[in-house]
file upload39.txt (compact mmCIF, C-alpha atoms and all ligand atoms)
# COMPACT_ATOMS: atom_id res chain seq x y z
CA MET A 901 -7.14 17.50 16.70
CA CYS A 902 -4.98 20.08 15.01
CA LEU A 903 -1.73 19.17 13.30
CA THR A 904 0.98 21.77 12.97
CA ASP A 905 3.58 21.82 10.20
CA LYS A 906 6.07 20.62 12.76
CA ASP A 907 3.97 17.55 13.56
CA LEU A 908 3.80 16.72 9.89
CA THR A 909 7.53 16.89 9.30
CA GLN A 910 8.09 14.65 12.31
CA ASN A 911 6.12 11.88 10.68
CA PRO A 912 8.15 11.44 7.55
CA SER A 913 6.94 8.15 6.17
CA HIS A 914 3.85 9.18 4.31
CA PHE A 915 3.21 12.79 5.15
CA GLU A 916 3.32 15.72 2.82
CA GLU A 917 1.98 19.15 3.49
CA THR A 918 -1.06 20.36 1.66
CA ASP A 919 -3.71 23.00 2.03
CA GLU A 920 -6.48 20.75 0.85
CA ILE A 921 -9.70 20.47 2.78
CA VAL A 922 -10.10 16.76 3.22
CA THR A 923 -13.57 15.35 3.21
CA HIS A 924 -13.37 11.60 3.37
CA ARG A 925 -12.35 11.27 6.98
CA ASP A 926 -15.63 12.84 7.93
CA MET A 927 -17.67 10.37 5.88
CA GLY A 928 -19.72 8.10 8.11
CA TRP A 929 -20.59 4.55 7.13
CA ASP A 930 -24.24 5.46 6.58
CA ASP A 931 -23.17 8.27 4.22
CA TYR A 932 -21.60 5.96 1.71
CA ARG A 933 -22.49 2.32 2.25
CA GLU A 934 -25.28 2.32 -0.35
CA LEU A 935 -23.05 3.98 -2.93
CA ILE A 936 -20.54 1.15 -2.83
CA ARG A 937 -22.87 -1.78 -2.28
CA GLY A 938 -21.67 -4.77 -4.29
CA MET A 939 -18.28 -3.22 -5.12
CA ARG A 940 -15.03 -5.02 -4.35
CA PHE A 941 -11.80 -3.26 -3.48
CA PHE A 942 -8.12 -4.15 -3.42
CA ASP A 943 -5.76 -1.91 -1.42
CA PRO A 944 -2.26 -2.24 -2.93
CA HIS A 945 -0.54 -0.29 -0.14
CA ILE A 946 -1.48 -0.60 3.52
CA HIS A 947 0.56 -1.37 6.65
CA MET A 948 -1.67 -3.72 8.58
CA VAL A 949 0.85 -4.51 11.33
CA SER A 950 -0.01 -1.02 12.60
CA ARG A 951 -3.77 -1.50 12.43
CA THR A 952 -6.38 -2.98 14.71
CA THR A 953 -8.87 -5.79 14.41
CA ASP A 954 -11.64 -3.16 14.19
CA ASP A 955 -9.91 -1.91 11.04
CA TYR A 956 -9.86 -5.38 9.55
CA GLU A 957 -13.56 -5.86 10.26
CA ALA A 958 -14.52 -2.47 8.87
CA MET A 959 -12.40 -3.02 5.74
CA ARG A 960 -14.00 -6.36 5.07
CA ASP A 961 -17.48 -4.98 5.62
CA ALA A 962 -16.72 -2.16 3.17
CA GLY A 963 -15.77 -4.63 0.44
CA ILE A 964 -11.96 -4.80 0.67
CA VAL A 965 -11.20 -8.38 -0.35
CA GLY A 966 -7.43 -8.19 -0.85
CA LEU A 967 -4.46 -6.03 0.07
CA ILE A 968 -0.71 -5.62 -0.30
CA GLU A 969 1.43 -4.74 2.69
CA PRO A 970 4.76 -3.19 1.64
CA ALA A 971 7.75 -3.53 3.93
CA PHE A 972 8.60 -0.10 5.27
CA TRP A 973 9.97 2.10 8.03
CA VAL A 974 8.50 1.28 11.43
CA GLY A 975 8.69 4.85 12.77
CA GLN A 976 12.03 4.54 14.54
CA PRO A 977 15.35 3.16 13.33
CA ARG A 978 15.85 -0.57 13.66
CA THR A 979 18.87 -1.48 15.74
CA GLY A 980 19.90 -4.73 14.12
CA LEU A 981 19.33 -7.34 11.47
CA SER A 982 17.10 -9.51 13.64
CA THR A 983 14.33 -6.94 13.73
CA PHE A 984 14.31 -6.81 9.91
CA LYS A 985 14.06 -10.61 9.87
CA ASP A 986 11.22 -10.67 12.35
CA TYR A 987 9.38 -7.94 10.46
CA TYR A 988 9.67 -9.67 7.08
CA SER A 989 8.66 -12.96 8.70
CA SER A 990 5.55 -11.35 10.14
CA LEU A 991 4.57 -9.98 6.71
CA VAL A 992 4.63 -13.46 5.17
CA GLY A 993 3.46 -15.18 8.36
CA TRP A 994 1.42 -13.92 11.26
CA GLU A 995 0.02 -10.78 9.60
CA ARG A 996 -1.08 -12.76 6.57
CA PHE A 997 -2.81 -15.23 8.87
CA ARG A 998 -4.42 -12.43 10.88
CA SER A 999 -5.77 -10.88 7.68
CA SER A 1000 -7.19 -14.24 6.57
CA GLN A 1001 -9.07 -14.42 9.84
CA PHE A 1002 -10.99 -11.34 8.78
CA GLY A 1003 -11.65 -12.61 5.27
CA ILE A 1004 -9.06 -10.48 3.47
CA LYS A 1005 -6.38 -11.95 1.20
CA HIS A 1006 -2.99 -10.59 2.23
CA TYR A 1007 0.05 -10.16 -0.03
CA CYS A 1008 3.21 -8.22 0.65
CA THR A 1009 6.21 -6.61 -0.98
CA ILE A 1010 9.63 -6.99 0.58
CA GLY A 1011 12.44 -4.46 0.51
CA LEU A 1012 14.84 -2.22 2.36
CA ASN A 1013 13.12 1.13 2.88
CA SER A 1014 14.89 4.27 1.72
CA ARG A 1015 15.37 5.84 5.15
CA GLU A 1016 17.18 2.82 6.50
CA ALA A 1017 19.30 2.55 3.36
CA ASN A 1018 21.23 5.40 5.00
CA ASN A 1019 22.50 3.07 7.72
CA GLU A 1020 24.97 1.41 5.38
CA PRO A 1021 26.48 -1.21 7.70
CA LEU A 1022 22.97 -2.49 8.48
CA ALA A 1023 21.77 -2.05 4.90
CA GLU A 1024 24.56 -4.35 3.70
CA GLN A 1025 23.32 -7.08 6.03
CA VAL A 1026 19.71 -6.57 4.98
CA MET A 1027 20.66 -6.99 1.31
CA GLU A 1028 22.03 -10.43 2.19
CA ILE A 1029 18.73 -11.68 3.60
CA LEU A 1030 16.28 -10.09 1.13
CA PRO A 1031 16.46 -13.03 -1.31
CA LEU A 1032 15.38 -15.36 1.50
CA TYR A 1033 12.04 -13.55 1.60
CA LEU A 1034 11.54 -12.36 -1.99
CA TYR A 1035 10.91 -15.88 -3.25
CA LYS A 1036 8.32 -16.77 -0.62
CA GLU A 1037 4.68 -17.41 -1.48
CA GLY A 1038 2.51 -14.31 -1.59
CA VAL A 1039 5.39 -11.87 -2.13
CA VAL A 1040 4.22 -9.84 -5.11
CA GLY A 1041 7.01 -7.31 -5.49
CA VAL A 1042 10.11 -5.56 -4.23
CA GLY A 1043 8.97 -2.60 -2.17
CA GLU A 1044 8.56 -0.07 -0.99
CA ILE A 1045 11.91 1.20 -2.22
CA GLY A 1046 13.25 4.40 -3.72
CA PHE A 1047 14.19 7.78 -2.33
CA ASP A 1048 13.55 9.67 0.89
CA ASP A 1049 16.26 12.33 1.31
CA GLN A 1050 17.71 11.45 -2.11
CA THR A 1051 21.13 10.56 -0.72
CA ALA A 1052 23.89 8.58 -2.41
CA ALA A 1053 23.26 5.63 -0.09
CA GLU A 1054 19.58 5.61 -0.98
CA GLU A 1055 20.47 5.53 -4.65
CA LYS A 1056 22.94 2.70 -4.14
CA TYR A 1057 20.44 0.42 -2.40
CA TYR A 1058 17.63 1.39 -4.73
CA ARG A 1059 19.76 0.27 -7.69
CA LEU A 1060 20.77 -2.97 -5.97
CA GLN A 1061 17.14 -3.77 -5.22
CA LEU A 1062 16.08 -3.08 -8.81
CA GLU A 1063 18.56 -5.76 -9.81
CA LEU A 1064 17.07 -8.13 -7.21
CA ALA A 1065 13.61 -7.48 -8.66
CA LYS A 1066 14.81 -8.27 -12.17
CA LYS A 1067 16.40 -11.49 -11.03
CA ALA A 1068 13.33 -12.58 -9.06
CA LYS A 1069 10.97 -11.45 -11.87
CA LEU A 1070 8.98 -9.32 -9.47
CA PRO A 1071 7.29 -5.94 -9.92
CA VAL A 1072 8.80 -2.93 -8.14
CA GLN A 1073 6.83 -0.66 -5.79
CA ILE A 1074 8.45 2.76 -5.62
CA HIS A 1075 8.02 5.11 -2.67
CA THR A 1076 8.54 8.63 -4.01
CA PRO A 1077 9.94 11.29 -1.67
CA HIS A 1078 7.84 13.99 -0.08
CA ARG A 1079 10.49 16.67 -0.36
CA ASP A 1080 11.43 17.52 -3.95
CA LYS A 1081 8.82 15.04 -5.11
CA LYS A 1082 8.94 15.93 -8.77
CA LYS A 1083 12.70 15.59 -8.97
CA GLY A 1084 12.71 12.39 -6.89
CA THR A 1085 9.98 10.82 -9.00
CA GLU A 1086 11.76 11.59 -12.27
CA ARG A 1087 15.03 10.30 -10.86
CA SER A 1088 13.38 7.08 -9.63
CA MET A 1089 11.92 6.40 -13.07
CA ALA A 1090 15.11 7.28 -14.96
CA ILE A 1091 17.13 4.88 -12.81
CA ALA A 1092 14.58 2.10 -13.26
CA LEU A 1093 14.79 2.54 -17.03
CA GLU A 1094 18.57 2.67 -16.86
CA HIS A 1095 18.49 -0.76 -15.19
CA GLY A 1096 16.40 -2.09 -18.05
CA LEU A 1097 13.12 -2.46 -16.15
CA ASP A 1098 9.94 -2.60 -18.20
CA PRO A 1099 7.84 0.34 -16.88
CA SER A 1100 4.76 -1.88 -16.88
CA TRP A 1101 6.47 -3.79 -14.05
CA VAL A 1102 6.99 -0.66 -11.96
CA ILE A 1103 4.40 0.95 -9.70
CA VAL A 1104 5.30 4.55 -8.87
CA ASP A 1105 3.55 5.45 -5.63
CA HIS A 1106 2.43 8.62 -3.84
CA ASN A 1107 1.80 10.60 -7.02
CA ASN A 1108 0.17 14.00 -7.20
CA GLU A 1109 -1.01 16.33 -9.97
CA GLU A 1110 2.58 17.41 -10.63
CA THR A 1111 4.01 13.96 -11.22
CA VAL A 1112 1.18 11.96 -12.78
CA LYS A 1113 1.49 13.01 -16.42
CA SER A 1114 5.12 12.06 -16.77
CA VAL A 1115 4.59 8.74 -14.96
CA LEU A 1116 1.74 7.78 -17.29
CA ASP A 1117 3.48 9.06 -20.42
CA GLN A 1118 6.50 6.89 -19.70
CA GLY A 1119 4.32 3.79 -19.27
CA PHE A 1120 4.66 3.30 -15.49
CA TRP A 1121 1.74 2.57 -13.17
CA ALA A 1122 0.70 5.65 -11.20
CA ALA A 1123 -0.47 4.94 -7.66
CA PHE A 1124 -2.15 7.59 -5.51
CA THR A 1125 -2.31 7.60 -1.75
CA ILE A 1126 -5.48 8.99 -0.21
CA TYR A 1127 -4.35 10.26 3.14
CA PRO A 1128 -6.06 12.53 5.66
CA PHE A 1129 -4.57 16.07 5.67
CA THR A 1130 -1.78 15.14 3.29
CA LYS A 1131 -0.93 13.86 -0.14
CA MET A 1132 -3.96 13.31 -2.31
CA GLY A 1133 -7.32 13.83 -0.71
CA ASN A 1134 -10.17 12.10 -2.42
CA GLU A 1135 -11.68 15.19 -4.07
CA ARG A 1136 -8.35 15.73 -5.82
CA MET A 1137 -8.28 12.05 -6.74
CA VAL A 1138 -11.67 12.31 -8.43
CA LYS A 1139 -10.33 15.19 -10.53
CA VAL A 1140 -7.25 13.21 -11.56
CA VAL A 1141 -9.41 10.32 -12.73
CA GLU A 1142 -11.78 12.69 -14.54
CA HIS A 1143 -8.80 14.19 -16.33
CA TYR A 1144 -6.64 11.14 -17.12
CA GLY A 1145 -9.15 8.28 -17.14
CA PRO A 1146 -8.54 4.98 -15.40
CA ASN A 1147 -5.65 3.51 -17.38
CA GLN A 1148 -2.48 2.71 -15.35
CA ILE A 1149 -3.96 4.46 -12.29
CA MET A 1150 -4.60 2.89 -8.89
CA VAL A 1151 -5.67 4.21 -5.51
CA ASN A 1152 -4.34 3.14 -2.10
CA SER A 1153 -4.67 4.16 1.54
CA ALA A 1154 -1.06 3.73 2.73
CA ALA A 1155 -2.66 3.50 6.15
CA ASP A 1156 0.00 2.96 8.80
CA TRP A 1157 0.87 3.98 12.37
CA GLY A 1158 0.21 7.66 11.61
CA ILE A 1159 -3.16 9.34 11.28
CA SER A 1160 -4.54 7.52 8.31
CA ASP A 1161 -7.68 5.84 7.04
CA PRO A 1162 -7.87 2.15 6.12
CA LEU A 1163 -11.24 2.89 4.47
CA ALA A 1164 -9.81 5.53 2.12
CA ILE A 1165 -10.47 3.39 -0.96
CA PRO A 1166 -14.17 2.61 -0.39
CA LYS A 1167 -14.74 6.25 0.56
CA THR A 1168 -13.00 7.49 -2.57
CA ALA A 1169 -15.04 5.05 -4.65
CA ALA A 1170 -18.21 6.45 -3.07
CA LEU A 1171 -17.13 9.99 -3.88
CA MET A 1172 -16.33 9.01 -7.47
CA LYS A 1173 -19.80 7.50 -7.71
CA MET A 1174 -21.34 10.73 -6.35
CA ARG A 1175 -19.38 12.73 -8.92
CA GLY A 1176 -20.72 10.62 -11.78
CA ILE A 1177 -17.66 8.51 -12.56
CA THR A 1178 -18.68 5.20 -14.12
CA ASP A 1179 -18.68 1.95 -12.17
CA GLU A 1180 -16.18 0.45 -14.60
CA THR A 1181 -13.70 3.30 -14.09
CA ILE A 1182 -14.12 2.98 -10.31
CA ARG A 1183 -13.53 -0.77 -10.56
CA LEU A 1184 -10.32 -0.27 -12.52
CA VAL A 1185 -8.74 2.29 -10.19
CA THR A 1186 -9.84 0.72 -6.90
CA TYR A 1187 -9.45 -2.97 -7.76
CA GLN A 1188 -8.43 -4.31 -11.13
CA ASN A 1189 -5.42 -2.18 -12.12
CA ALA A 1190 -3.56 -2.95 -8.90
CA ILE A 1191 -4.24 -6.65 -9.34
CA ASP A 1192 -3.05 -6.56 -12.97
CA ALA A 1193 0.15 -4.72 -12.02
CA PHE A 1194 1.16 -7.00 -9.15
CA ALA A 1195 -0.12 -10.22 -10.77
CA LYS A 1196 2.96 -10.07 -12.99
CA SER A 1197 4.63 -11.67 -9.98
CA GLY A 1198 2.71 -14.86 -10.75
CA GLN A 1199 1.56 -14.84 -7.12
CA ILE A 1200 -2.00 -13.54 -7.43
CA ASP A 1201 -4.93 -15.81 -8.25
CA VAL A 1202 -8.07 -13.70 -8.21
CA SER A 1203 -10.27 -16.73 -7.62
CA ASP A 1204 -8.69 -16.93 -4.15
CA PHE A 1205 -10.47 -13.78 -2.99
CA GLU A 1206 -12.90 -12.29 -5.52
CA ASN A 1207 -15.87 -13.77 -3.72
CA GLY A 1208 -14.39 -13.33 -0.28
CA LEU A 1209 -12.37 -15.74 1.82
CA ASN A 1210 -14.06 -18.24 4.03
CA VAL A 1211 -13.47 -17.11 7.57
CA ASP A 1212 -12.85 -19.55 10.35
CA GLN A 1213 -11.60 -17.63 13.37
CA SER A 1214 -10.93 -20.82 15.26
CA GLU A 1215 -7.97 -21.56 12.95
CA LYS A 1216 -4.46 -21.38 14.33
CA PHE A 1217 -1.07 -20.19 13.12
CA ASN A 1218 1.82 -22.01 14.80
CA GLY A 1219 -0.60 -22.83 17.61
CA ASN A 1220 -1.78 -19.24 18.06
CA THR A 1221 -5.22 -17.83 17.33
CA ILE A 1222 -6.52 -14.27 17.11
CA LEU A 1223 -9.10 -15.14 19.77
CA ARG A 1224 -8.40 -14.42 23.41
CA GLY A 1225 -9.57 -16.72 26.18
CA GLY A 1226 -13.32 -17.13 26.18
CA GLN A 1227 -13.90 -15.17 22.95
CA GLN A 1228 -16.17 -16.63 20.32
CA PRO A 1229 -15.33 -16.48 16.62
CA ARG A 1230 -17.12 -13.68 14.75
CA VAL A 1231 -20.14 -15.04 12.95
CA ALA A 1232 -22.59 -12.21 12.31
CA LYS A 1233 -21.22 -9.95 9.61
CA ASP A 1234 -22.34 -6.75 8.01
CA SER A 1235 -20.44 -7.31 4.81
CA LEU A 1236 -21.45 -5.63 1.57
CA VAL A 1237 -19.58 -8.16 -0.51
CA ILE A 1238 -21.89 -10.48 -2.39
CA ARG A 1239 -21.20 -14.07 -1.42
ZN ZN A 1301 3.97 2.76 2.85

call {"tool": "encode", "arguments": {"input": "upload39.txt", "output": "structure tokens", "more": "lines below"}}
Ligand SMILES: [Zn+2]
result
Amino acid sequence: MCLTDKDLTQNPSHFEETDEIVTHRDMGWDDYRELIRGMRFFDPHIHMVSRTTDDYEAMRDAGIVGLIEPAFWVGQPRTGLSTFKDYYSSLVGWERFRSSQFGIKHYCTIGLNSREANNEPLAEQVMEILPLYLYKEGVVGVGEIGFDDQTAAEEKYYRLQLELAKKAKLPVQIHTPHRDKKKGTERSMAIALEHGLDPSWVIVDHNNEETVKSVLDQGFWAAFTIYPFTKMGNERMVKVVEHYGPNQIMVNSAADWGISDPLAIPKTAALMKMRGITDETIRLVTYQNAIDAFAKSGQIDVSDFENGLNVDQSEKFNGNTILRGGQQPRVAKDSLVIR
């Protein structure tokens, strides 16, 4: 499949143009499974409502034991407050249950995304209900928030949500814009500092080689999205880690409804291993740093997932199960995680 520039600009959530030759999407399971055997991964940015049960199974088999699902843009504008409510409810409810059924601990961040901040009448209503969700169990931050087109409305709701994060004592997950990224990233950080946020409570996402130094120098967490065709590919990620080391750096897939790869983290870990990066550095950037950053919420207990969740696919959520009529719960597993 060949993507044109036009296709890329029509998928604005996580796409950014690049000329990089991406390798990880071509990696087959047999190419990398031995390289990551025994490793555990934590994906701090992935939109599981858009993903399939095959994805969940493959993620678990590849060692992903926990994840964070940020609230974001669903690909088309929402038409009313109810759909925001239902979406947030699914992040703390059904999707979390679904993830548990595949042995993966699910957390989320809750926020008004930057694109929909531009619908001010609706944004006002969303601001009213955000506190109802921010204090729920398993909500580890306010996110993903920040700038898209860098409009005045986006700035207004970004600032209001920074205040909500301070009040709720939650970390902030910042989505940086794809157009004018450098400027948008600097502006996002300056505003966070202006509101008195401690940079160690702020995760700046979707970094690249142009933004990373300033993010690290100012004491923020620098997250990198490994995305097919766009943003950081994993060869570039390896170079960033070789150059800057593992401190304050984390990797995520940002897999969503677009062409994306929920196995981006294990594949990047495998590539790091091939390139001679130490196991400890790999562990920090693909697992521990994300946990440390979001654990400031007080909502993450590593003992819940570090050795995998017990899976019982016959469990129910409000009377519903992931099994369809006649299906048997999955028993045989191909997991690399040591139990
Ligand atoms: Zn996202």

call {"tool": "closest_atom_pairs", "arguments": {"input": "upload39.txt", "of": "chain A", "to": "ligand ZN 1301 (chain A)", "cutoff": "12 Å", "atoms": "only C-alpha atoms and all ligand atoms", "output": "Markdown table"}}
result
| residue | atom | partner | partner_atom | distance |
| --- | --- | --- | --- | --- |
| A:Pro912 | CA | A:ZN1301 | ZN | 10.7 |
| A:Ser913 | CA | A:ZN1301 | ZN | 7.0 |
| A:His914 | CA | A:ZN1301 | ZN | 6.6 |
| A:Phe915 | CA | A:ZN1301 | ZN | 10.3 |
| A:Asp943 | CA | A:ZN1301 | ZN | 11.6 |
| A:Pro944 | CA | A:ZN1301 | ZN | 9.9 |
| A:His945 | CA | A:ZN1301 | ZN | 6.2 |
| A:Ile946 | CA | A:ZN1301 | ZN | 6.4 |
| A:His947 | CA | A:ZN1301 | ZN | 6.6 |
| A:Met948 | CA | A:ZN1301 | ZN | 10.3 |
| A:Val949 | CA | A:ZN1301 | ZN | 11.6 |
| A:Ser950 | CA | A:ZN1301 | ZN | 11.2 |
| A:Ile968 | CA | A:ZN1301 | ZN | 10.1 |
| A:Glu969 | CA | A:ZN1301 | ZN | 7.9 |
| A:Pro970 | CA | A:ZN1301 | ZN | 6.1 |
| A:Ala971 | CA | A:ZN1301 | ZN | 7.4 |
| A:Phe972 | CA | A:ZN1301 | ZN | 6.0 |
| A:Trp973 | CA | A:ZN1301 | ZN | 8.0 |
| A:Val974 | CA | A:ZN1301 | ZN | 9.8 |
| A:Gly975 | CA | A:ZN1301 | ZN | 11.2 |
| A:Cys1008 | CA | A:ZN1301 | ZN | 11.2 |
| A:Thr1009 | CA | A:ZN1301 | ZN | 10.4 |
| A:Ile1010 | CA | A:ZN1301 | ZN | 11.5 |
| A:Gly1011 | CA | A:ZN1301 | ZN | 11.4 |
| A:Leu1012 | CA | A:ZN1301 | ZN | 12.0 |
| A:Asn1013 | CA | A:ZN1301 | ZN | 9.3 |
| A:Ser1014 | CA | A:ZN1301 | ZN | 11.1 |
| A:Gly1043 | CA | A:ZN1301 | ZN | 8.9 |
| A:Glu1044 | CA | A:ZN1301 | ZN | 6.6 |
| A:Ile1045 | CA | A:ZN1301 | ZN | 9.5 |
| A:Gly1046 | CA | A:ZN1301 | ZN | 11.5 |
| A:Asp1048 | CA | A:ZN1301 | ZN | 12.0 |
| A:Gln1073 | CA | A:ZN1301 | ZN | 9.7 |
| A:Ile1074 | CA | A:ZN1301 | ZN | 9.6 |
| A:His1075 | CA | A:ZN1301 | ZN | 7.2 |
| A:Thr1076 | CA | A:ZN1301 | ZN | 10.1 |
| A:Pro1077 | CA | A:ZN1301 | ZN | 11.4 |
| A:Val1104 | CA | A:ZN1301 | ZN | 11.9 |
| A:Asp1105 | CA | A:ZN1301 | ZN | 8.9 |
| A:His1106 | CA | A:ZN1301 | ZN | 9.0 |
| A:Ala1123 | CA | A:ZN1301 | ZN | 11.6 |
| A:Phe1124 | CA | A:ZN1301 | ZN | 11.4 |
| A:Thr1125 | CA | A:ZN1301 | ZN | 9.2 |
| A:Ile1126 | CA | A:ZN1301 | ZN | 11.7 |
| A:Tyr1127 | CA | A:ZN1301 | ZN | 11.2 |
| A:Asn1152 | CA | A:ZN1301 | ZN | 9.7 |
| A:Ser1153 | CA | A:ZN1301 | ZN | 8.9 |
| A:Ala1154 | CA | A:ZN1301 | ZN | 5.1 |
| A:Ala1155 | CA | A:ZN1301 | ZN | 7.4 |
| A:Asp1156 | CA | A:ZN1301 | ZN | 7.2 |
| A:Trp1157 | CA | A:ZN1301 | ZN | 10.1 |
| A:Gly1158 | CA | A:ZN1301 | ZN | 10.7 |
| A:Ser1160 | CA | A:ZN1301 | ZN | 11.2 |

call {"tool": "closest_residue", "arguments": {"input": "upload39.txt", "among": "A:Phe1047, A:Tyr1057, A:Trp1101, A:Trp994", "to": "Ser1088 (chain A)", "atoms": "all atoms listed in the file"}}
result
A:Phe1047

call {"tool": "atom_distance", "arguments": {"input": "upload39.txt", "atom1": "CA of Ser989 (chain A)", "atom2": "CA of Val1040 (chain A)"}}
result
14.8 Å

call {"tool": "closest_residue", "arguments": {"input": "upload39.txt", "among": "A:Met1174, A:Leu981, A:Leu1070, A:Ala1169", "to": "Thr1186 (chain A)", "atoms": "all atoms listed in the file"}}
result
A:Ala1169

call {"tool": "closest_atom_pairs", "arguments": {"input": "upload39.txt", "of": "region 1106-1219 of chain A", "to": "region 954-966 of chain A", "cutoff": "8 Å", "atoms": "only C-alpha atoms", "output": "tab-separated table"}}
result
residue	atom	partner	partner_atom	distance
A:Pro1162	CA	A:Asp955	CA	6.7
A:Leu1163	CA	A:Met959	CA	6.2
A:Pro1166	CA	A:Ala962	CA	6.5
A:Phe1205	CA	A:Val965	CA	6.1
A:Glu1206	CA	A:Val965	CA	6.7
A:Asn1207	CA	A:Val965	CA	7.9
A:Gly1208	CA	A:Val965	CA	5.9
A:Leu1209	CA	A:Val965	CA	7.8

call {"tool": "closest_residue", "arguments": {"input": "upload39.txt", "among": "A:Lys1066, A:Lys1113, A:Arg1079, A:Arg937", "to": "His1095 (chain A)", "atoms": "only C-alpha atoms"}}
result
A:Lys1066

call {"tool": "residues_around", "arguments": {"input": "upload39.txt", "residues": "Asp1192 (chain A)", "least_positions_apart": "6", "cutoff": "10 Å", "atoms": "only C-alpha atoms", "output": "ChimeraX atom specification"}}
result
/A:1100-1101,1148,1184,1200,1202

call {"tool": "atom_distance", "arguments": {"input": "upload39.txt", "atom1": "CA of Asn1147 (chain A)", "atom2": "CA of Asp1201 (chain A)"}}
result
21.4 Å
